[in-house]
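> Below is the file input-v4.json, with JSON, C-alpha atoms (C1' of nucleotides).
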[["chain", "number", "residue", "atom", "x", "y", "z"],
["A", 9, "MET", "CA", 21.21, -4.59, 25.83],
["A", 10, "LYS", "CA", 17.88, -4.09, 24.12],
["A", 11, "LEU", "CA", 16.24, -0.66, 24.60],
["A", 12, "GLU", "CA", 13.21, -0.95, 26.86],
["A", 13, "ARG", "CA", 9.68, 0.40, 26.70],
["A", 14, "ASP", "CA", 10.37, 3.41, 28.93],
["A", 15, "PHE", "CA", 13.05, 4.63, 26.50],
["A", 16, "TYR", "CA", 10.43, 4.89, 23.74],
["A", 17, "GLU", "CA", 7.50, 6.11, 25.82],
["A", 18, "ARG", "CA", 9.05, 9.42, 26.82],
["A", 19, "ASN", "CA", 7.13, 12.54, 25.84],
["A", 20, "ASP", "CA", 9.85, 14.20, 23.69],
["A", 21, "VAL", "CA", 10.48, 12.84, 20.18],
["A", 22, "VAL", "CA", 13.33, 15.19, 19.47],
["A", 23, "LYS", "CA", 15.20, 14.08, 22.57],
["A", 24, "ILE", "CA", 14.53, 10.42, 21.74],
["A", 25, "ALA", "CA", 15.80, 10.99, 18.19],
["A", 26, "GLN", "CA", 19.02, 12.48, 19.57],
["A", 27, "ASP", "CA", 19.37, 9.54, 21.96],
["A", 28, "LEU", "CA", 18.79, 7.00, 19.16],
["A", 29, "LEU", "CA", 21.75, 8.29, 17.14],
["A", 30, "GLY", "CA", 24.61, 5.79, 17.36],
["A", 31, "LYS", "CA", 22.44, 2.95, 18.67],
["A", 32, "THR", "CA", 22.35, -0.38, 16.81],
["A", 33, "LEU", "CA", 19.33, -1.38, 14.72],
["A", 34, "VAL", "CA", 19.01, -5.17, 14.45],
["A", 35, "THR", "CA", 16.81, -7.46, 12.34],
["A", 36, "SER", "CA", 16.60, -11.21, 12.73],
["A", 37, "LEU", "CA", 14.36, -12.56, 9.98],
["A", 38, "ASN", "CA", 14.03, -16.33, 9.71],
["A", 39, "GLY", "CA", 17.47, -16.77, 11.24],
["A", 40, "GLN", "CA", 19.02, -14.13, 8.99],
["A", 41, "TYR", "CA", 20.79, -11.63, 11.23],
["A", 42, "THR", "CA", 21.76, -8.12, 10.15],
["A", 43, "ALA", "CA", 22.69, -5.06, 12.22],
["A", 44, "GLY", "CA", 23.77, -1.47, 11.65],
["A", 45, "LYS", "CA", 24.64, 1.67, 13.59],
["A", 46, "ILE", "CA", 22.06, 4.43, 13.27],
["A", 47, "THR", "CA", 23.89, 7.35, 11.64],
["A", 48, "GLU", "CA", 21.05, 9.62, 10.47],
["A", 49, "LEU", "CA", 17.42, 10.18, 11.54],
["A", 50, "GLU", "CA", 14.56, 12.67, 11.77],
["A", 51, "ALA", "CA", 11.88, 13.40, 14.39],
["A", 52, "TYR", "CA", 8.19, 13.80, 13.51],
["A", 53, "ALA", "CA", 5.62, 15.00, 16.03],
["A", 54, "GLY", "CA", 1.94, 14.09, 15.94],
["A", 55, "ARG", "CA", 0.93, 17.53, 17.13],
["A", 56, "ASP", "CA", 2.01, 20.93, 15.74],
["A", 57, "ASP", "CA", 4.07, 19.46, 12.91],
["A", 58, "LYS", "CA", 2.61, 19.67, 9.40],
["A", 59, "ALA", "CA", 5.35, 17.38, 8.08],
["A", 60, "CYS", "CA", 4.02, 14.46, 10.14],
["A", 61, "HIS", "CA", 1.61, 12.01, 8.52],
["A", 62, "ALA", "CA", -0.45, 11.97, 11.71],
["A", 63, "ASN", "CA", -0.53, 15.72, 12.21],
["A", 64, "ASP", "CA", -3.74, 17.21, 13.57],
["A", 65, "GLY", "CA", -5.01, 13.80, 14.67],
["A", 66, "LEU", "CA", -5.12, 12.40, 11.15],
["A", 67, "ARG", "CA", -5.91, 8.74, 11.51],
["A", 68, "THR", "CA", -5.95, 6.42, 8.48],
["A", 69, "LYS", "CA", -5.09, 2.82, 7.78],
["A", 70, "ARG", "CA", -1.54, 3.96, 7.06],
["A", 71, "THR", "CA", -0.99, 6.19, 10.12],
["A", 72, "GLU", "CA", -2.77, 3.94, 12.63],
["A", 73, "ALA", "CA", 0.43, 2.40, 14.06],
["A", 74, "MET", "CA", 1.82, 5.84, 14.93],
["A", 75, "TYR", "CA", -0.85, 6.03, 17.64],
["A", 76, "TRP", "CA", 0.24, 2.76, 19.24],
["A", 77, "GLN", "CA", 2.56, 2.51, 22.22],
["A", 78, "GLY", "CA", 6.18, 3.69, 22.03],
["A", 79, "GLY", "CA", 8.49, 0.98, 20.72],
["A", 80, "THR", "CA", 6.30, 0.03, 17.76],
["A", 81, "ALA", "CA", 7.48, -0.10, 14.12],
["A", 82, "TYR", "CA", 5.72, 2.30, 11.72],
["A", 83, "VAL", "CA", 6.60, 1.14, 8.20],
["A", 84, "TYR", "CA", 5.01, 2.78, 5.20],
["A", 85, "LEU", "CA", 5.36, 2.78, 1.44],
["A", 86, "CYS", "CA", 6.89, 5.97, 0.05],
["A", 87, "TYR", "CA", 6.42, 6.96, -3.60],
["A", 88, "GLY", "CA", 4.84, 3.57, -4.12],
["A", 89, "ILE", "CA", 8.24, 1.89, -4.02],
["A", 90, "HIS", "CA", 10.25, 2.37, -0.85],
["A", 91, "HIS", "CA", 9.51, 0.93, 2.54],
["A", 92, "LEU", "CA", 10.46, 3.55, 5.15],
["A", 93, "PHE", "CA", 11.13, 2.45, 8.71],
["A", 94, "ASN", "CA", 10.08, 4.59, 11.70],
["A", 95, "VAL", "CA", 10.22, 4.05, 15.45],
["A", 96, "VAL", "CA", 6.97, 5.06, 17.16],
["A", 97, "THR", "CA", 7.50, 6.99, 20.40],
["A", 98, "ASN", "CA", 5.42, 8.43, 23.22],
["A", 99, "ARG", "CA", 2.39, 6.84, 24.90],
["A", 100, "GLU", "CA", -0.45, 5.11, 23.12],
["A", 101, "GLY", "CA", -2.68, 7.74, 21.51],
["A", 102, "LEU", "CA", 0.14, 10.27, 20.95],
["A", 103, "ALA", "CA", 1.46, 9.84, 17.40],
["A", 104, "ASP", "CA", 5.18, 10.70, 17.46],
["A", 105, "ALA", "CA", 7.80, 8.84, 15.43],
["A", 106, "VAL", "CA", 11.47, 8.87, 14.43],
["A", 107, "LEU", "CA", 12.37, 8.11, 10.80],
["A", 108, "ILE", "CA", 15.63, 6.17, 10.51],
["A", 109, "ARG", "CA", 17.41, 7.58, 7.44],
["A", 110, "ALA", "CA", 20.81, 5.84, 7.34],
["A", 111, "ILE", "CA", 22.84, 3.12, 9.00],
["A", 112, "GLU", "CA", 26.46, 1.99, 8.96],
["A", 113, "PRO", "CA", 26.43, -1.78, 8.29],
["A", 114, "LEU", "CA", 27.94, -3.75, 11.19],
["A", 115, "GLU", "CA", 26.85, -7.36, 10.78],
["A", 116, "GLY", "CA", 25.51, -9.47, 7.92],
["A", 117, "LEU", "CA", 27.16, -7.43, 5.17],
["A", 118, "GLU", "CA", 26.90, -10.20, 2.58],
["A", 119, "LEU", "CA", 23.21, -10.58, 3.29],
["A", 120, "MET", "CA", 22.61, -6.84, 2.94],
["A", 121, "GLN", "CA", 24.53, -6.76, -0.33],
["A", 122, "ALA", "CA", 22.49, -9.69, -1.63],
["A", 123, "ARG", "CA", 19.21, -7.97, -0.69],
["A", 124, "ARG", "CA", 20.35, -4.75, -2.38],
["A", 125, "LYS", "CA", 22.05, -6.54, -5.30],
["A", 126, "LYS", "CA", 25.29, -4.64, -4.64],
["A", 127, "PRO", "CA", 28.68, -6.23, -5.35],
["A", 128, "LYS", "CA", 30.42, -3.92, -2.83],
["A", 129, "PRO", "CA", 29.42, -2.58, 0.61],
["A", 130, "ASP", "CA", 29.88, 1.11, -0.24],
["A", 131, "LYS", "CA", 27.78, 3.97, 1.14],
["A", 132, "THR", "CA", 24.97, 3.41, -1.37],
["A", 133, "LEU", "CA", 24.19, 0.16, 0.49],
["A", 134, "SER", "CA", 22.28, 1.81, 3.34],
["A", 135, "SER", "CA", 22.61, 5.63, 3.34],
["A", 136, "GLY", "CA", 19.01, 6.62, 2.77],
["A", 137, "PRO", "CA", 15.65, 5.72, 4.30],
["A", 138, "GLY", "CA", 14.58, 3.46, 1.43],
["A", 139, "THR", "CA", 17.91, 1.69, 0.97],
["A", 140, "LEU", "CA", 18.49, 0.89, 4.65],
["A", 141, "SER", "CA", 15.12, -0.79, 4.89],
["A", 142, "ALA", "CA", 15.93, -2.88, 1.83],
["A", 143, "ALA", "CA", 19.35, -3.80, 3.27],
["A", 144, "LEU", "CA", 17.81, -4.89, 6.58],
["A", 145, "GLY", "CA", 14.93, -6.72, 4.88],
["A", 146, "ILE", "CA", 12.20, -4.50, 6.36],
["A", 147, "ASN", "CA", 8.89, -4.17, 4.50],
["A", 148, "THR", "CA", 5.36, -2.93, 5.13],
["A", 149, "GLN", "CA", 3.66, -6.31, 4.68],
["A", 150, "GLN", "CA", 5.56, -8.17, 7.38],
["A", 151, "HIS", "CA", 6.70, -5.47, 9.76],
["A", 152, "TYR", "CA", 3.97, -2.81, 9.97],
["A", 153, "GLY", "CA", 3.02, -2.29, 13.63],
["A", 154, "LEU", "CA", 5.60, -4.78, 14.92],
["A", 155, "ASP", "CA", 6.65, -4.55, 18.57],
["A", 156, "LEU", "CA", 10.32, -3.51, 18.82],
["A", 157, "LEU", "CA", 10.71, -5.29, 22.14],
["A", 158, "GLY", "CA", 10.25, -8.64, 20.39],
["A", 159, "ASP", "CA", 12.95, -10.75, 18.72],
["A", 160, "THR", "CA", 12.41, -9.79, 15.06],
["A", 161, "ILE", "CA", 13.41, -6.10, 14.92],
["A", 162, "TRP", "CA", 14.88, -4.27, 17.89],
["A", 163, "ILE", "CA", 17.43, -1.63, 18.88],
["A", 164, "GLU", "CA", 20.49, -2.34, 20.99],
["A", 165, "ASP", "CA", 21.84, 0.29, 23.37],
["A", 166, "ALA", "CA", 25.24, 1.87, 22.66],
["A", 167, "PRO", "CA", 27.31, 4.61, 24.31],
["A", 168, "ALA", "CA", 25.74, 8.08, 24.05],
["A", 169, "VAL", "CA", 26.96, 10.30, 21.22],
["A", 170, "ARG", "CA", 28.67, 13.53, 22.26],
["A", 171, "LYS", "CA", 26.87, 16.74, 21.32],
["A", 172, "SER", "CA", 29.90, 17.88, 19.34],
["A", 173, "ASP", "CA", 29.67, 14.75, 17.17],
["A", 174, "ARG", "CA", 26.06, 15.41, 16.23],
["A", 175, "VAL", "CA", 25.02, 17.57, 13.26],
["A", 176, "VAL", "CA", 21.60, 19.25, 13.08],
["A", 177, "SER", "CA", 19.64, 20.30, 10.01],
["A", 178, "THR", "CA", 16.14, 20.72, 8.65],
["A", 179, "ARG", "CA", 14.38, 17.58, 7.47],
["A", 180, "ILE", "CA", 14.64, 16.24, 3.92],
["A", 181, "GLY", "CA", 11.76, 16.36, 1.45],
["A", 182, "VAL", "CA", 9.19, 18.16, 3.60],
["A", 183, "GLU", "CA", 9.00, 21.52, 1.79],
["A", 184, "TYR", "CA", 5.22, 21.15, 1.69],
["A", 185, "ALA", "CA", 5.06, 21.54, 5.49],
["A", 186, "GLU", "CA", 5.41, 25.35, 5.31],
["A", 187, "GLU", "CA", 6.81, 26.81, 8.56],
["A", 188, "ASP", "CA", 7.31, 23.37, 10.06],
["A", 189, "ALA", "CA", 9.74, 22.55, 7.25],
["A", 190, "LEU", "CA", 12.17, 24.81, 9.12],
["A", 191, "LYS", "CA", 12.21, 22.70, 12.28],
["A", 192, "PRO", "CA", 15.82, 21.55, 12.99],
["A", 193, "TRP", "CA", 14.79, 17.95, 13.61],
["A", 194, "ARG", "CA", 17.21, 15.98, 11.45],
["A", 195, "PHE", "CA", 20.35, 14.65, 13.10],
["A", 196, "TYR", "CA", 23.38, 12.77, 11.84],
["A", 197, "LEU", "CA", 26.82, 11.74, 13.01],
["A", 198, "LYS", "CA", 29.53, 14.20, 12.04],
["A", 199, "ASP", "CA", 32.28, 11.69, 11.36],
["A", 200, "THR", "CA", 30.57, 9.16, 9.13],
["A", 201, "LYS", "CA", 30.10, 8.72, 5.42],
["A", 202, "TRP", "CA", 26.83, 6.85, 6.01],
["A", 203, "VAL", "CA", 24.52, 9.85, 5.53],
["A", 204, "SER", "CA", 22.07, 10.61, 2.70],
["A", 205, "LYS", "CA", 22.94, 14.31, 2.36],
["A", 206, "LYS", "CA", 25.69, 16.19, 4.19],
["A", 207, "LEU", "CA", 25.62, 19.93, 4.81],
["A", 208, "LYS", "CA", 28.46, 22.08, 3.48],
["A", 209, "GLU", "CA", 29.14, 23.21, 7.01],
["A", 210, "ASP", "CA", 28.33, 20.96, 9.90],
["A", 211, "LYS", "CA", 26.09, 22.60, 12.49],
["A", 212, "VAL", "CA", 26.14, 21.34, 16.04],
["A", 213, "MET", "CA", 23.39, 21.88, 18.57],
["B", 7, "DA", "C1'", 29.00, 17.47, -11.74],
["B", 8, "DA", "C1'", 24.38, 18.53, -12.10],
["B", 9, "DT", "C1'", 19.87, 17.69, -13.75],
["B", 10, "DT", "C1'", 16.02, 14.76, -15.28],
["B", 11, "DA", "C1'", 12.91, 10.96, -15.97],
["B", 12, "DG", "C1'", 10.86, 6.93, -14.61],
["B", 13, "DA", "C1'", 9.46, 3.60, -11.23],
["B", 14, "DT", "C1'", 4.43, 3.42, -8.67],
["B", 15, "DG", "C1'", 0.82, 2.49, -3.77],
["B", 16, "DT", "C1'", -1.66, 5.36, -0.54],
["B", 17, "DT", "C1'", -4.03, 9.22, 0.53],
["B", 18, "DC", "C1'", -6.41, 13.34, -0.34],
["B", 19, "DT", "C1'", -8.78, 16.76, -3.64],
["C", 4, "DG", "C1'", -5.75, 13.42, -10.83],
["C", 5, "DA", "C1'", -2.02, 15.18, -7.88],
["C", 6, "DA", "C1'", 1.23, 14.88, -4.39],
["C", 7, "DC", "C1'", 4.13, 12.30, -1.67],
["C", 8, "DA", "C1'", 9.40, 11.68, 4.72],
["C", 9, "DT", "C1'", 12.90, 8.28, -2.59],
["C", 10, "DC", "C1'", 16.41, 5.97, -5.59],
["C", 11, "DT", "C1'", 18.69, 4.94, -9.85],
["C", 12, "DA", "C1'", 20.10, 5.18, -14.53],
["C", 13, "DA", "C1'", 20.46, 8.10, -18.25],
["C", 14, "DT", "C1'", 21.35, 12.52, -20.10],
["C", 15, "DT", "C1'", 23.37, 17.02, -20.43],
["C", 16, "DA", "C1'", 27.29, 20.13, -19.85]]
Would you encode the structure as structure tokens?


Amino acid sequence: MKLERDFYERNDVVKIAQDLLGKTLVTSLNGQYTAGKITELEAYAGRDDKACHANDGLRTKRTEAMYWQGGTAYVYLCYGIHHLFNVVTNREGLADAVLIRAIEPLEGLELMQARRKKPKPDKTLSSGPGTLSAALGINTQQHYGLDLLGDTIWIEDAPAVRKSDRVVSTRIGVEYAEEDALKPWRFYLKDTKWVSKKLKEDKVM
DNA sequence: AATTAGATGTTCT
DNA sequence: GAACATCTAATTA
């Protein structure tokens, strides 16, 4: 079952991020179907979070979609090369988003390998925010601001992940955000290899 | 195994 | 011009 608008429009990105862990991210592009289980993600809040692109009401051509209604795709170009996929949450005007950082491939493996030019479906296929987007065929040109309740990109429901199977850490690559860099807003599944960076000791929250 | 360089668009200084 | 929610291949040890 496809996740509905009210799932995304809740007023708590961190809770939504936790709920999104283990769900299935699907893309159907010109009849090409690929799907993967969300194994790692991070929450970004539009207010009181210096790591967020839309912090302090910052509104640019790039961040515009973060202000749209929950259940919108926010795709942006990182380091001029990688297309990072985010799920916009909260109501229109409140710029929260969840960055999907890794997936475990479930369907369309051959297609993902072809897109990534990988002979084998090992963990480098989709364990990282840039690589998963490439594997699923997501890019800024075609998918920026897309509605996730449509039939191009959407998220399928899946059984909730137990707290004890969820690891918490600080977010990756946000050292510039000063005190907000310490926020424990990155989550990943404990028993999966499909994660960009594992902690030495898993922390559960 | 760990570190480094090179790829390069958008945004801000 | 600098920094950036990154990845890969090459280099060093």

> Identify the residues within 7 Å of coordinate (24.2, 18.7, -14.4) (same frame as the file), considering all atoms listed in the file, and give the answer as a list in words.

DA7, DA8 and DT9 of chain B; DT15 and DA16 of chain C

> Using CA of Leu33 (chain A) and CA of Ile163 (chain A) as the two end points, give the distance in Å to one decimal.

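Computing the Euclidean distance for CA of Leu33 (chain A) and CA of Ile163 (chain A) yields 4.6 Å.
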
> As a PyMOL selection string, could you give me every residue of chain A near chain C (at most 12 Å apart, counting only C-alpha atoms (C1' of nucleotides))?

chain A and resi 49-52+58-61+83-94+105-109+124+132-142+178-185+189+194+204

> With a cut-off of 9 Å and counting all atoms listed in the file, select all residues of chain B in contact with chain A and give the selection as a list of chain:residue names.

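Those within range of chain A come out as B:DA13, B:DT14, B:DG15, B:DT16, B:DT17.
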
> Grab the residues selected above and save them as an mmCIF file, in the frame of the given file with C-alpha atoms (C1' of nucleotides).


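Saved file result-v3.cif follows:
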data_model
loop_
_atom_site.group_PDB
_atom_site.id
_atom_site.type_symbol
_atom_site.label_atom_id
_atom_site.label_comp_id
_atom_site.auth_asym_id
_atom_site.auth_seq_id
_atom_site.Cartn_x
_atom_site.Cartn_y
_atom_site.Cartn_z
ATOM 1 C "C1'" DA B 13 9.460 3.600 -11.230
ATOM 2 C "C1'" DT B 14 4.430 3.420 -8.670
ATOM 3 C "C1'" DG B 15 0.820 2.490 -3.770
ATOM 4 C "C1'" DT B 16 -1.660 5.360 -0.540
ATOM 5 C "C1'" DT B 17 -4.030 9.220 0.530
#

> Determine, counting all atoms listed in the file, which protein, DNA and RNA residues have an atom within 10 Å of an atom of Lys206 (chain A); residues of the same chain fewer than 6 positions away are not included. Present the result as a count of residues only.

6

> For the atom pair CA of Gly101 (chain A) and CA of Trp76 (chain A), what is the interatomic distance in Å to one decimal place?

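Atom-to-atom, CA of Gly101 (chain A) to CA of Trp76 (chain A), that is 6.2 Å.
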
> Kindly give the distance, in Å, that separates CA of Val96 (chain A) and CA of Val176 (chain A), rounded to a single decimal.

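Computing the Euclidean distance for CA of Val96 (chain A) and CA of Val176 (chain A) yields 20.8 Å.
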
> Which residues, written as a VMD selection string, have at least one atom at most 7 Å from Asn19 (chain A), with all atoms listed in the file counted and residues fewer than 2 positions away on the same chain left out?

chain A and resid 17 21 98

> Produce a file of the selected residues containing C-alpha atoms, as an mmCIF file, keeping the file's coordinate frame.


data_model
loop_
_atom_site.group_PDB
_atom_site.id
_atom_site.type_symbol
_atom_site.label_atom_id
_atom_site.label_comp_id
_atom_site.auth_asym_id
_atom_site.auth_seq_id
_atom_site.Cartn_x
_atom_site.Cartn_y
_atom_site.Cartn_z
ATOM 1 C CA GLU A 17 7.500 6.110 25.820
ATOM 2 C CA VAL A 21 10.480 12.840 20.180
ATOM 3 C CA ASN A 98 5.420 8.430 23.220
#

> Would you list the contacts of Lys131 (chain A) as a ChimeraX atom specification, taking every protein, DNA or RNA residue within 10 Å and counting all atoms listed in the file, but skipping same-chain residues closer than 6 positions in sequence?

/A:110-113,200-204

> Padding 3 Å on every side, please: axis-aligned box over the listed atoms of region 8-18 of chain B, centre and edge lengths to one decimal in Å, as JSON.


{"center_x": 9.0, "center_y": 10.5, "center_z": -7.7, "size_x": 36.8, "size_y": 22.0, "size_z": 22.5}

> I'd like to know which of A:Asp155, A:Glu118, A:Asp20, A:Asp27 is closest to Gly79 (chain A), using all atoms listed in the file.

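Under the stated criterion, the closest residue is A:Asp155.
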